[in-house]
file target.cif (mmCIF, C-alpha atoms)
data_coords
loop_
_atom_site.group_PDB
_atom_site.id
_atom_site.type_symbol
_atom_site.label_atom_id
_atom_site.label_comp_id
_atom_site.auth_asym_id
_atom_site.auth_seq_id
_atom_site.Cartn_x
_atom_site.Cartn_y
_atom_site.Cartn_z
ATOM 1 C CA MET A 601 -4.039 -37.264 19.446
ATOM 2 C CA LYS A 602 -5.389 -36.354 16.016
ATOM 3 C CA ALA A 603 -6.385 -39.126 13.623
ATOM 4 C CA SER A 604 -4.121 -39.392 10.599
ATOM 5 C CA ASN A 605 -5.655 -42.302 8.682
ATOM 6 C CA LEU A 606 -8.608 -40.397 7.222
ATOM 7 C CA THR A 607 -9.793 -40.206 3.620
ATOM 8 C CA TRP A 608 -12.450 -37.806 2.327
ATOM 9 C CA HIS A 609 -15.429 -39.753 0.956
ATOM 10 C CA GLN A 610 -17.301 -38.105 -1.884
ATOM 11 C CA THR A 611 -21.074 -38.109 -1.468
ATOM 12 C CA THR A 612 -23.362 -39.575 -4.105
ATOM 13 C CA ILE A 613 -25.576 -36.477 -4.289
ATOM 14 C CA THR A 614 -23.798 -33.194 -4.961
ATOM 15 C CA LYS A 615 -24.488 -29.762 -3.579
ATOM 16 C CA GLN A 616 -25.514 -28.565 -7.014
ATOM 17 C CA GLU A 617 -27.994 -31.429 -7.378
ATOM 18 C CA ARG A 618 -29.581 -30.549 -4.036
ATOM 19 C CA ARG A 619 -29.843 -26.920 -5.066
ATOM 20 C CA SER A 620 -31.421 -27.911 -8.349
ATOM 21 C CA GLN A 621 -34.001 -30.090 -6.612
ATOM 22 C CA ASN A 622 -34.755 -27.346 -4.083
ATOM 23 C CA GLY A 623 -35.138 -24.690 -6.751
ATOM 24 C CA HIS A 624 -32.953 -22.190 -4.876
ATOM 25 C CA GLY A 625 -29.350 -21.587 -3.883
ATOM 26 C CA SER A 626 -27.715 -22.266 -0.545
ATOM 27 C CA CYS A 627 -25.546 -20.011 1.572
ATOM 28 C CA VAL A 628 -24.817 -18.830 5.091
ATOM 29 C CA LEU A 629 -25.994 -15.438 6.300
ATOM 30 C CA TRP A 630 -23.475 -14.771 9.057
ATOM 31 C CA PHE A 631 -25.055 -12.214 11.410
ATOM 32 C CA THR A 632 -22.492 -10.550 13.634
ATOM 33 C CA GLY A 633 -23.068 -7.802 16.163
ATOM 34 C CA LEU A 634 -23.179 -6.905 19.823
ATOM 35 C CA SER A 635 -25.344 -8.725 22.328
ATOM 36 C CA GLY A 636 -28.795 -7.179 22.153
ATOM 37 C CA SER A 637 -28.345 -5.871 18.610
ATOM 38 C CA GLY A 638 -31.068 -8.175 17.297
ATOM 39 C CA LYS A 639 -29.095 -10.997 15.676
ATOM 40 C CA SER A 640 -31.292 -13.849 16.901
ATOM 41 C CA THR A 641 -34.495 -11.918 16.303
ATOM 42 C CA ILE A 642 -33.553 -11.068 12.721
ATOM 43 C CA ALA A 643 -32.139 -14.541 12.012
ATOM 44 C CA ASN A 644 -35.380 -16.194 13.104
ATOM 45 C CA ALA A 645 -37.542 -13.650 11.293
ATOM 46 C CA VAL A 646 -35.622 -14.230 8.045
ATOM 47 C CA SER A 647 -35.838 -17.979 8.583
ATOM 48 C CA GLY A 648 -39.594 -17.739 9.078
ATOM 49 C CA GLU A 649 -40.028 -15.700 5.910
ATOM 50 C CA LEU A 650 -37.999 -18.189 3.895
ATOM 51 C CA PHE A 651 -39.894 -21.138 5.376
ATOM 52 C CA ARG A 652 -43.250 -19.609 4.448
ATOM 53 C CA HIS A 653 -42.059 -19.483 0.843
ATOM 54 C CA GLY A 654 -40.908 -23.091 0.758
ATOM 55 C CA ILE A 655 -37.187 -22.354 1.071
ATOM 56 C CA ASN A 656 -35.033 -24.926 2.881
ATOM 57 C CA GLU A 657 -33.539 -23.016 5.803
ATOM 58 C CA TYR A 658 -32.129 -23.397 9.309
ATOM 59 C CA VAL A 659 -31.042 -21.134 12.175
ATOM 60 C CA LEU A 660 -27.813 -21.649 14.112
ATOM 61 C CA ASP A 661 -28.036 -19.558 17.285
ATOM 62 C CA GLY A 662 -25.121 -18.784 19.569
ATOM 63 C CA ASP A 663 -26.745 -19.615 22.905
ATOM 64 C CA ASN A 664 -28.400 -22.750 21.532
ATOM 65 C CA ILE A 665 -25.127 -24.086 20.142
ATOM 66 C CA ARG A 666 -23.429 -23.500 23.495
ATOM 67 C CA HIS A 667 -26.061 -25.722 25.127
ATOM 68 C CA GLY A 668 -24.875 -28.683 23.068
ATOM 69 C CA LEU A 669 -22.081 -28.812 20.502
ATOM 70 C CA ASN A 670 -19.993 -26.119 22.205
ATOM 71 C CA LYS A 671 -20.976 -26.612 25.838
ATOM 72 C CA ASP A 672 -17.329 -27.400 26.648
ATOM 73 C CA LEU A 673 -16.215 -23.883 25.656
ATOM 74 C CA GLY A 674 -15.973 -20.750 27.753
ATOM 75 C CA PHE A 675 -15.533 -17.138 26.674
ATOM 76 C CA SER A 676 -11.774 -16.715 26.579
ATOM 77 C CA GLU A 677 -10.360 -15.457 23.294
ATOM 78 C CA GLU A 678 -9.165 -18.971 22.462
ATOM 79 C CA ASP A 679 -12.556 -20.530 23.228
ATOM 80 C CA ARG A 680 -14.399 -17.871 21.229
ATOM 81 C CA THR A 681 -12.169 -18.634 18.254
ATOM 82 C CA GLU A 682 -12.858 -22.367 18.568
ATOM 83 C CA ASN A 683 -16.576 -21.665 18.972
ATOM 84 C CA ILE A 684 -16.634 -19.810 15.663
ATOM 85 C CA ARG A 685 -14.447 -22.394 13.920
ATOM 86 C CA ARG A 686 -16.871 -25.179 14.846
ATOM 87 C CA ILE A 687 -19.894 -23.148 13.808
ATOM 88 C CA GLY A 688 -18.266 -22.389 10.475
ATOM 89 C CA GLU A 689 -17.812 -26.096 9.830
ATOM 90 C CA VAL A 690 -21.425 -26.847 10.813
ATOM 91 C CA ALA A 691 -22.707 -24.012 8.630
ATOM 92 C CA LYS A 692 -20.713 -25.420 5.708
ATOM 93 C CA LEU A 693 -22.509 -28.761 6.122
ATOM 94 C CA PHE A 694 -25.858 -26.991 5.959
ATOM 95 C CA VAL A 695 -24.829 -25.099 2.831
ATOM 96 C CA ASP A 696 -23.662 -28.361 1.266
ATOM 97 C CA SER A 697 -27.084 -29.844 2.101
ATOM 98 C CA GLY A 698 -28.738 -27.113 0.020
ATOM 99 C CA LYS A 699 -30.073 -24.916 2.820
ATOM 100 C CA ILE A 700 -29.922 -21.203 3.489
ATOM 101 C CA VAL A 701 -28.580 -21.025 7.027
ATOM 102 C CA THR A 702 -28.747 -17.957 9.237
ATOM 103 C CA THR A 703 -26.261 -17.733 12.091
ATOM 104 C CA ALA A 704 -26.600 -15.486 15.122
ATOM 105 C CA PHE A 705 -23.226 -15.179 16.856
ATOM 106 C CA ILE A 706 -21.467 -12.151 18.271
ATOM 107 C CA SER A 707 -18.281 -13.518 16.623
ATOM 108 C CA PRO A 708 -16.336 -10.484 17.817
ATOM 109 C CA PHE A 709 -13.052 -11.018 15.978
ATOM 110 C CA GLN A 710 -12.581 -10.188 12.303
ATOM 111 C CA ALA A 711 -9.849 -12.801 11.894
ATOM 112 C CA ASP A 712 -12.228 -15.549 13.035
ATOM 113 C CA ARG A 713 -14.946 -14.447 10.618
ATOM 114 C CA ASP A 714 -12.381 -14.253 7.812
ATOM 115 C CA GLN A 715 -11.287 -17.828 8.567
ATOM 116 C CA VAL A 716 -14.882 -19.028 8.319
ATOM 117 C CA ARG A 717 -15.332 -17.240 4.992
ATOM 118 C CA LYS A 718 -12.416 -19.262 3.581
ATOM 119 C CA LEU A 719 -14.420 -22.471 4.099
ATOM 120 C CA PHE A 720 -16.943 -21.425 1.468
ATOM 121 C CA ASP A 721 -17.054 -20.939 -2.277
ATOM 122 C CA ASP A 722 -17.822 -17.517 -3.752
ATOM 123 C CA ASP A 723 -21.342 -16.276 -2.999
ATOM 124 C CA GLU A 724 -21.881 -18.827 -0.231
ATOM 125 C CA PHE A 725 -20.817 -16.781 2.816
ATOM 126 C CA PHE A 726 -22.287 -13.367 3.523
ATOM 127 C CA GLU A 727 -21.127 -11.359 6.523
ATOM 128 C CA ILE A 728 -24.046 -9.242 7.700
ATOM 129 C CA HIS A 729 -23.380 -6.648 10.365
ATOM 130 C CA ILE A 730 -26.379 -6.293 12.659
ATOM 131 C CA ASP A 731 -25.338 -2.817 13.649
ATOM 132 C CA CYS A 732 -26.740 -1.204 16.773
ATOM 133 C CA PRO A 733 -25.024 1.327 19.059
ATOM 134 C CA LEU A 734 -23.747 -0.054 22.361
ATOM 135 C CA GLU A 735 -25.937 2.418 24.252
ATOM 136 C CA GLU A 736 -29.074 1.064 22.579
ATOM 137 C CA CYS A 737 -28.009 -2.545 23.155
ATOM 138 C CA GLU A 738 -27.534 -1.754 26.834
ATOM 139 C CA LYS A 739 -30.983 -0.176 27.010
ATOM 140 C CA ARG A 740 -32.525 -3.282 25.497
ATOM 141 C CA ASP A 741 -30.397 -5.773 27.489
ATOM 142 C CA PRO A 742 -32.996 -8.563 27.066
ATOM 143 C CA LYS A 743 -30.925 -11.083 29.039
ATOM 144 C CA GLN A 744 -29.632 -8.556 31.608
ATOM 145 C CA LEU A 745 -26.091 -9.399 30.518
ATOM 146 C CA TYR A 746 -24.830 -5.833 30.268
ATOM 147 C CA ALA A 747 -26.082 -5.095 33.774
ATOM 148 C CA LYS A 748 -24.259 -8.155 35.088
ATOM 149 C CA ALA A 749 -21.107 -7.241 33.170
ATOM 150 C CA ARG A 750 -21.193 -3.698 34.567
ATOM 151 C CA ARG A 751 -21.431 -5.188 38.070
ATOM 152 C CA GLY A 752 -18.430 -7.398 37.371
ATOM 153 C CA GLU A 753 -20.472 -10.600 37.439
ATOM 154 C CA ILE A 754 -19.534 -11.515 33.848
ATOM 155 C CA LYS A 755 -15.938 -11.361 32.676
ATOM 156 C CA ASP A 756 -14.819 -11.006 29.051
ATOM 157 C CA PHE A 757 -18.172 -9.577 27.981
ATOM 158 C CA THR A 758 -18.078 -8.153 24.465
ATOM 159 C CA GLY A 759 -18.464 -4.394 24.329
ATOM 160 C CA ILE A 760 -17.718 -3.903 28.030
ATOM 161 C CA ASN A 761 -14.452 -5.611 28.930
ATOM 162 C CA SER A 762 -13.779 -7.540 25.733
ATOM 163 C CA PRO A 763 -13.480 -5.948 22.276
ATOM 164 C CA TYR A 764 -15.875 -6.181 19.351
ATOM 165 C CA GLU A 765 -14.286 -5.735 15.941
ATOM 166 C CA ALA A 766 -16.959 -4.458 13.572
ATOM 167 C CA PRO A 767 -16.785 -5.968 10.062
ATOM 168 C CA GLU A 768 -14.284 -4.241 7.820
ATOM 169 C CA ASN A 769 -16.114 -4.997 4.577
ATOM 170 C CA PRO A 770 -19.517 -6.506 5.386
ATOM 171 C CA ASP A 771 -21.691 -7.786 2.578
ATOM 172 C CA LEU A 772 -24.667 -6.022 4.157
ATOM 173 C CA VAL A 773 -25.315 -3.749 7.133
ATOM 174 C CA ILE A 774 -28.640 -3.749 8.976
ATOM 175 C CA HIS A 775 -29.132 -0.839 11.389
ATOM 176 C CA THR A 776 -31.584 -2.307 13.882
ATOM 177 C CA ASN A 777 -31.907 0.971 15.776
ATOM 178 C CA GLN A 778 -33.345 2.503 12.573
ATOM 179 C CA LEU A 779 -35.214 -0.353 10.893
ATOM 180 C CA SER A 780 -38.128 -2.437 12.129
ATOM 181 C CA ILE A 781 -37.824 -6.218 12.173
ATOM 182 C CA GLN A 782 -39.937 -6.435 9.020
ATOM 183 C CA GLU A 783 -37.877 -3.778 7.239
ATOM 184 C CA SER A 784 -34.714 -5.649 8.198
ATOM 185 C CA VAL A 785 -36.112 -8.921 6.851
ATOM 186 C CA GLU A 786 -37.174 -7.261 3.605
ATOM 187 C CA ALA A 787 -33.687 -5.813 3.118
ATOM 188 C CA ILE A 788 -32.113 -9.244 3.584
ATOM 189 C CA ILE A 789 -34.589 -10.935 1.245
ATOM 190 C CA ARG A 790 -33.832 -8.297 -1.415
ATOM 191 C CA PHE A 791 -30.138 -9.012 -0.903
ATOM 192 C CA LEU A 792 -30.693 -12.760 -1.462
ATOM 193 C CA GLN A 793 -32.722 -12.040 -4.580
ATOM 194 C CA LYS A 794 -29.995 -9.749 -5.914
ATOM 195 C CA LYS A 795 -27.514 -12.588 -5.420
ATOM 196 C CA ASN A 796 -29.844 -14.911 -7.377
ATOM 197 C CA LEU A 797 -30.186 -17.268 -4.422
ATOM 198 C CA LEU A 798 -33.993 -17.130 -4.418
#

call {"tool": "encode", "arguments": {"input": "target.cif", "output": "structure tokens"}}
result
Amino acid sequence: MKASNLTWHQTTITKQERRSQNGHGSCVLWFTGLSGSGKSTIANAVSGELFRHGINEYVLDGDNIRHGLNKDLGFSEEDRTENIRRIGEVAKLFVDSGKIVTTAFISPFQADRDQVRKLFDDDEFFEIHIDCPLEECEKRDPKQLYAKARRGEIKDFTGINSPYEAPENPDLVIHTNQLSIQESVEAIIRFLQKKNLL
């Protein structure tokens, strides 16, 4: 049963005040792409670069979140949608706190990503497609997930027996089969600078 006797309580310190104190903007960089495309690697590399320059940042990683907050969810379409809904709400809290948050989630469905975008004000949510061909992702297969999916050991695996809907209008595309990690990070930092967030 959902609670009905709730009232939103305004915080004493505003998002704008936190941003002003930090000396930079806050937003979510929503990395979406196939397993093995490099989402977590790029998210952590960007986070490290921001940290070295004194920027308040945090990484929300798909596997890590499923160890805690979303450990009750599986990989059905309904559970994937709920997984992304929860992450969107958590990411919004981080943005409100004045941080630049990078998220590394396959988030295979466009409708789910669009719903998350609606949680944010303009220039707070940026959908970044970590684009890498399926064949290359399978070659990398760092967690041996594609091999298991091909053997039928994993059901509903994105790209094999569950669809991935590439972003229709991403804010940025990073081709990780063409760019090095450092080149990818530099492209994302330039993007943040162009948006006047740094």

call {"tool": "residues_near_point", "arguments": {"input": "target.cif", "point": "(-34.2, -18.7, -3.6)", "cutoff": "10 Å", "atoms": "all atoms listed in the file", "output": "PyMOL selection string"}}
result
chain A and resi 619+622-626+650+653-656+699-700+789+792-793+795-798

call {"tool": "closest_residue", "arguments": {"input": "target.cif", "among": "A:Ala766, A:Leu634, A:Ser647, A:Arg686", "to": "Arg666 of chain A", "atoms": "all atoms listed in the file"}}
result
A:Arg686

call {"tool": "residues_near_point", "arguments": {"input": "target.cif", "point": "(-14.6, -13.5, 7.8)", "cutoff": "12 Å", "atoms": "only C-alpha atoms", "output": "number ranges by chain"}}
result
A: 628-632, 681, 684-685, 688, 707-720, 725-729, 765-771

call {"tool": "residues_around", "arguments": {"input": "target.cif", "residues": "Leu673 of chain A", "least_positions_apart": "5", "cutoff": "9 Å", "atoms": "only C-alpha atoms", "output": "MDAnalysis selection string"}}
result
chainID A and resid 666 679:680 682:683

call {"tool": "atom_distance", "arguments": {"input": "target.cif", "atom1": "atom CA of Ala787 of chain A", "atom2": "atom CA of Phe705 of chain A"}}
result
19.6 Å

call {"tool": "resolve_selection", "arguments": {"input": "target.cif", "expression": "the PyMOL selection byres ((chain A and resi 746) around 12)", "output": "number ranges by chain"}}
result
A: 634-636, 734-745, 747-761

call {"tool": "axis_aligned_box", "arguments": {"input": "target.cif", "around": "segment 636-655 of chain A", "padding_each_side": "4 Å", "output": "JSON"}}
result
{"center_x": -35.8, "center_y": -14.5, "center_z": 11.5, "size_x": 22.9, "size_y": 25.2, "size_z": 29.4}

call {"tool": "build_atoms", "arguments": {"input": "target.cif", "residues": "segment 725-736 of chain A", "atoms": "all heavy atoms", "output": "PDB file, in the coordinates of the input"}}
result
ATOM      1  N   PHE A 725     -20.968 -17.345   1.466  1.00  0.00           N
ATOM      2  CA  PHE A 725     -20.817 -16.781   2.816  1.00  0.00           C
ATOM      3  C   PHE A 725     -21.025 -15.277   2.740  1.00  0.00           C
ATOM      4  O   PHE A 725     -20.331 -14.586   1.987  1.00  0.00           O
ATOM      5  CB  PHE A 725     -19.422 -17.075   3.370  1.00  0.00           C
ATOM      6  CG  PHE A 725     -19.165 -16.473   4.725  1.00  0.00           C
ATOM      7  CD1 PHE A 725     -19.416 -17.204   5.872  1.00  0.00           C
ATOM      8  CD2 PHE A 725     -18.665 -15.181   4.849  1.00  0.00           C
ATOM      9  CE1 PHE A 725     -19.165 -16.652   7.135  1.00  0.00           C
ATOM     10  CE2 PHE A 725     -18.429 -14.624   6.093  1.00  0.00           C
ATOM     11  CZ  PHE A 725     -18.682 -15.362   7.239  1.00  0.00           C
ATOM     12  N   PHE A 726     -22.001 -14.800   3.512  1.00  0.00           N
ATOM     13  CA  PHE A 726     -22.287 -13.367   3.523  1.00  0.00           C
ATOM     14  C   PHE A 726     -22.248 -12.853   4.963  1.00  0.00           C
ATOM     15  O   PHE A 726     -23.037 -13.271   5.800  1.00  0.00           O
ATOM     16  CB  PHE A 726     -23.649 -13.083   2.885  1.00  0.00           C
ATOM     17  CG  PHE A 726     -23.736 -13.549   1.458  1.00  0.00           C
ATOM     18  CD1 PHE A 726     -24.462 -14.681   1.129  1.00  0.00           C
ATOM     19  CD2 PHE A 726     -23.062 -12.876   0.452  1.00  0.00           C
ATOM     20  CE1 PHE A 726     -24.528 -15.130  -0.182  1.00  0.00           C
ATOM     21  CE2 PHE A 726     -23.116 -13.312  -0.863  1.00  0.00           C
ATOM     22  CZ  PHE A 726     -23.856 -14.449  -1.184  1.00  0.00           C
ATOM     23  N   GLU A 727     -21.301 -11.967   5.202  1.00  0.00           N
ATOM     24  CA  GLU A 727     -21.127 -11.359   6.523  1.00  0.00           C
ATOM     25  C   GLU A 727     -22.089 -10.177   6.632  1.00  0.00           C
ATOM     26  O   GLU A 727     -21.977  -9.205   5.876  1.00  0.00           O
ATOM     27  CB  GLU A 727     -19.678 -10.901   6.679  1.00  0.00           C
ATOM     28  CG  GLU A 727     -19.334 -10.372   8.051  1.00  0.00           C
ATOM     29  CD  GLU A 727     -17.875  -9.953   8.124  1.00  0.00           C
ATOM     30  OE1 GLU A 727     -17.341  -9.406   7.123  1.00  0.00           O
ATOM     31  OE2 GLU A 727     -17.262 -10.171   9.175  1.00  0.00           O
ATOM     32  N   ILE A 728     -23.033 -10.284   7.537  1.00  0.00           N
ATOM     33  CA  ILE A 728     -24.046  -9.242   7.700  1.00  0.00           C
ATOM     34  C   ILE A 728     -23.894  -8.624   9.088  1.00  0.00           C
ATOM     35  O   ILE A 728     -24.076  -9.298  10.107  1.00  0.00           O
ATOM     36  CB  ILE A 728     -25.464  -9.816   7.507  1.00  0.00           C
ATOM     37  CG1 ILE A 728     -25.587 -10.401   6.097  1.00  0.00           C
ATOM     38  CG2 ILE A 728     -26.517  -8.728   7.735  1.00  0.00           C
ATOM     39  CD1 ILE A 728     -26.934 -11.024   5.790  1.00  0.00           C
ATOM     40  N   HIS A 729     -23.567  -7.347   9.096  1.00  0.00           N
ATOM     41  CA  HIS A 729     -23.380  -6.648  10.365  1.00  0.00           C
ATOM     42  C   HIS A 729     -24.732  -6.176  10.881  1.00  0.00           C
ATOM     43  O   HIS A 729     -25.379  -5.316  10.272  1.00  0.00           O
ATOM     44  CB  HIS A 729     -22.439  -5.453  10.173  1.00  0.00           C
ATOM     45  CG  HIS A 729     -22.073  -4.776  11.448  1.00  0.00           C
ATOM     46  ND1 HIS A 729     -21.463  -3.538  11.477  1.00  0.00           N
ATOM     47  CD2 HIS A 729     -22.213  -5.146  12.753  1.00  0.00           C
ATOM     48  CE1 HIS A 729     -21.254  -3.185  12.729  1.00  0.00           C
ATOM     49  NE2 HIS A 729     -21.702  -4.140  13.524  1.00  0.00           N
ATOM     50  N   ILE A 730     -25.167  -6.762  11.978  1.00  0.00           N
ATOM     51  CA  ILE A 730     -26.379  -6.293  12.659  1.00  0.00           C
ATOM     52  C   ILE A 730     -25.910  -5.174  13.576  1.00  0.00           C
ATOM     53  O   ILE A 730     -25.452  -5.395  14.696  1.00  0.00           O
ATOM     54  CB  ILE A 730     -27.072  -7.438  13.440  1.00  0.00           C
ATOM     55  CG1 ILE A 730     -27.360  -8.619  12.501  1.00  0.00           C
ATOM     56  CG2 ILE A 730     -28.352  -6.932  14.078  1.00  0.00           C
ATOM     57  CD1 ILE A 730     -28.268  -8.291  11.331  1.00  0.00           C
ATOM     58  N   ASP A 731     -25.976  -3.984  13.045  1.00  0.00           N
ATOM     59  CA  ASP A 731     -25.338  -2.817  13.649  1.00  0.00           C
ATOM     60  C   ASP A 731     -26.315  -2.077  14.556  1.00  0.00           C
ATOM     61  O   ASP A 731     -27.391  -1.655  14.111  1.00  0.00           O
ATOM     62  CB  ASP A 731     -24.830  -1.888  12.536  1.00  0.00           C
ATOM     63  CG  ASP A 731     -23.915  -0.800  13.054  1.00  0.00           C
ATOM     64  OD1 ASP A 731     -23.607  -0.796  14.268  1.00  0.00           O
ATOM     65  OD2 ASP A 731     -23.504   0.057  12.254  1.00  0.00           O
ATOM     66  N   CYS A 732     -25.930  -1.938  15.804  1.00  0.00           N
ATOM     67  CA  CYS A 732     -26.740  -1.204  16.773  1.00  0.00           C
ATOM     68  C   CYS A 732     -25.786  -0.591  17.797  1.00  0.00           C
ATOM     69  O   CYS A 732     -24.884  -1.285  18.288  1.00  0.00           O
ATOM     70  CB  CYS A 732     -27.720  -2.162  17.466  1.00  0.00           C
ATOM     71  SG  CYS A 732     -28.910  -1.347  18.553  1.00  0.00           S
ATOM     72  N   PRO A 733     -25.939   0.697  18.108  1.00  0.00           N
ATOM     73  CA  PRO A 733     -25.024   1.327  19.059  1.00  0.00           C
ATOM     74  C   PRO A 733     -25.030   0.617  20.412  1.00  0.00           C
ATOM     75  O   PRO A 733     -26.065   0.093  20.855  1.00  0.00           O
ATOM     76  CB  PRO A 733     -25.575   2.752  19.188  1.00  0.00           C
ATOM     77  CG  PRO A 733     -26.366   2.977  17.945  1.00  0.00           C
ATOM     78  CD  PRO A 733     -26.946   1.648  17.581  1.00  0.00           C
ATOM     79  N   LEU A 734     -23.877   0.585  21.048  1.00  0.00           N
ATOM     80  CA  LEU A 734     -23.747  -0.054  22.361  1.00  0.00           C
ATOM     81  C   LEU A 734     -24.775   0.487  23.350  1.00  0.00           C
ATOM     82  O   LEU A 734     -25.384  -0.273  24.111  1.00  0.00           O
ATOM     83  CB  LEU A 734     -22.325   0.161  22.897  1.00  0.00           C
ATOM     84  CG  LEU A 734     -22.055  -0.366  24.313  1.00  0.00           C
ATOM     85  CD1 LEU A 734     -22.245  -1.879  24.376  1.00  0.00           C
ATOM     86  CD2 LEU A 734     -20.644   0.034  24.767  1.00  0.00           C
ATOM     87  N   GLU A 735     -24.993   1.808  23.310  1.00  0.00           N
ATOM     88  CA  GLU A 735     -25.937   2.418  24.252  1.00  0.00           C
ATOM     89  C   GLU A 735     -27.344   1.841  24.083  1.00  0.00           C
ATOM     90  O   GLU A 735     -28.043   1.580  25.067  1.00  0.00           O
ATOM     91  CB  GLU A 735     -25.979   3.940  24.057  1.00  0.00           C
ATOM     92  CG  GLU A 735     -24.652   4.659  24.297  1.00  0.00           C
ATOM     93  CD  GLU A 735     -23.651   4.466  23.155  1.00  0.00           C
ATOM     94  OE1 GLU A 735     -24.091   4.153  22.030  1.00  0.00           O
ATOM     95  OE2 GLU A 735     -22.432   4.602  23.415  1.00  0.00           O
ATOM     96  N   GLU A 736     -27.750   1.632  22.843  1.00  0.00           N
ATOM     97  CA  GLU A 736     -29.074   1.064  22.579  1.00  0.00           C
ATOM     98  C   GLU A 736     -29.133  -0.403  22.998  1.00  0.00           C
ATOM     99  O   GLU A 736     -30.128  -0.850  23.558  1.00  0.00           O
ATOM    100  CB  GLU A 736     -29.413   1.200  21.093  1.00  0.00           C
ATOM    101  CG  GLU A 736     -30.747   0.610  20.689  1.00  0.00           C
ATOM    102  CD  GLU A 736     -31.938   1.263  21.376  1.00  0.00           C
ATOM    103  OE1 GLU A 736     -31.831   2.441  21.779  1.00  0.00           O
ATOM    104  OE2 GLU A 736     -32.973   0.586  21.508  1.00  0.00           O
TER     105      GLU A 736
END
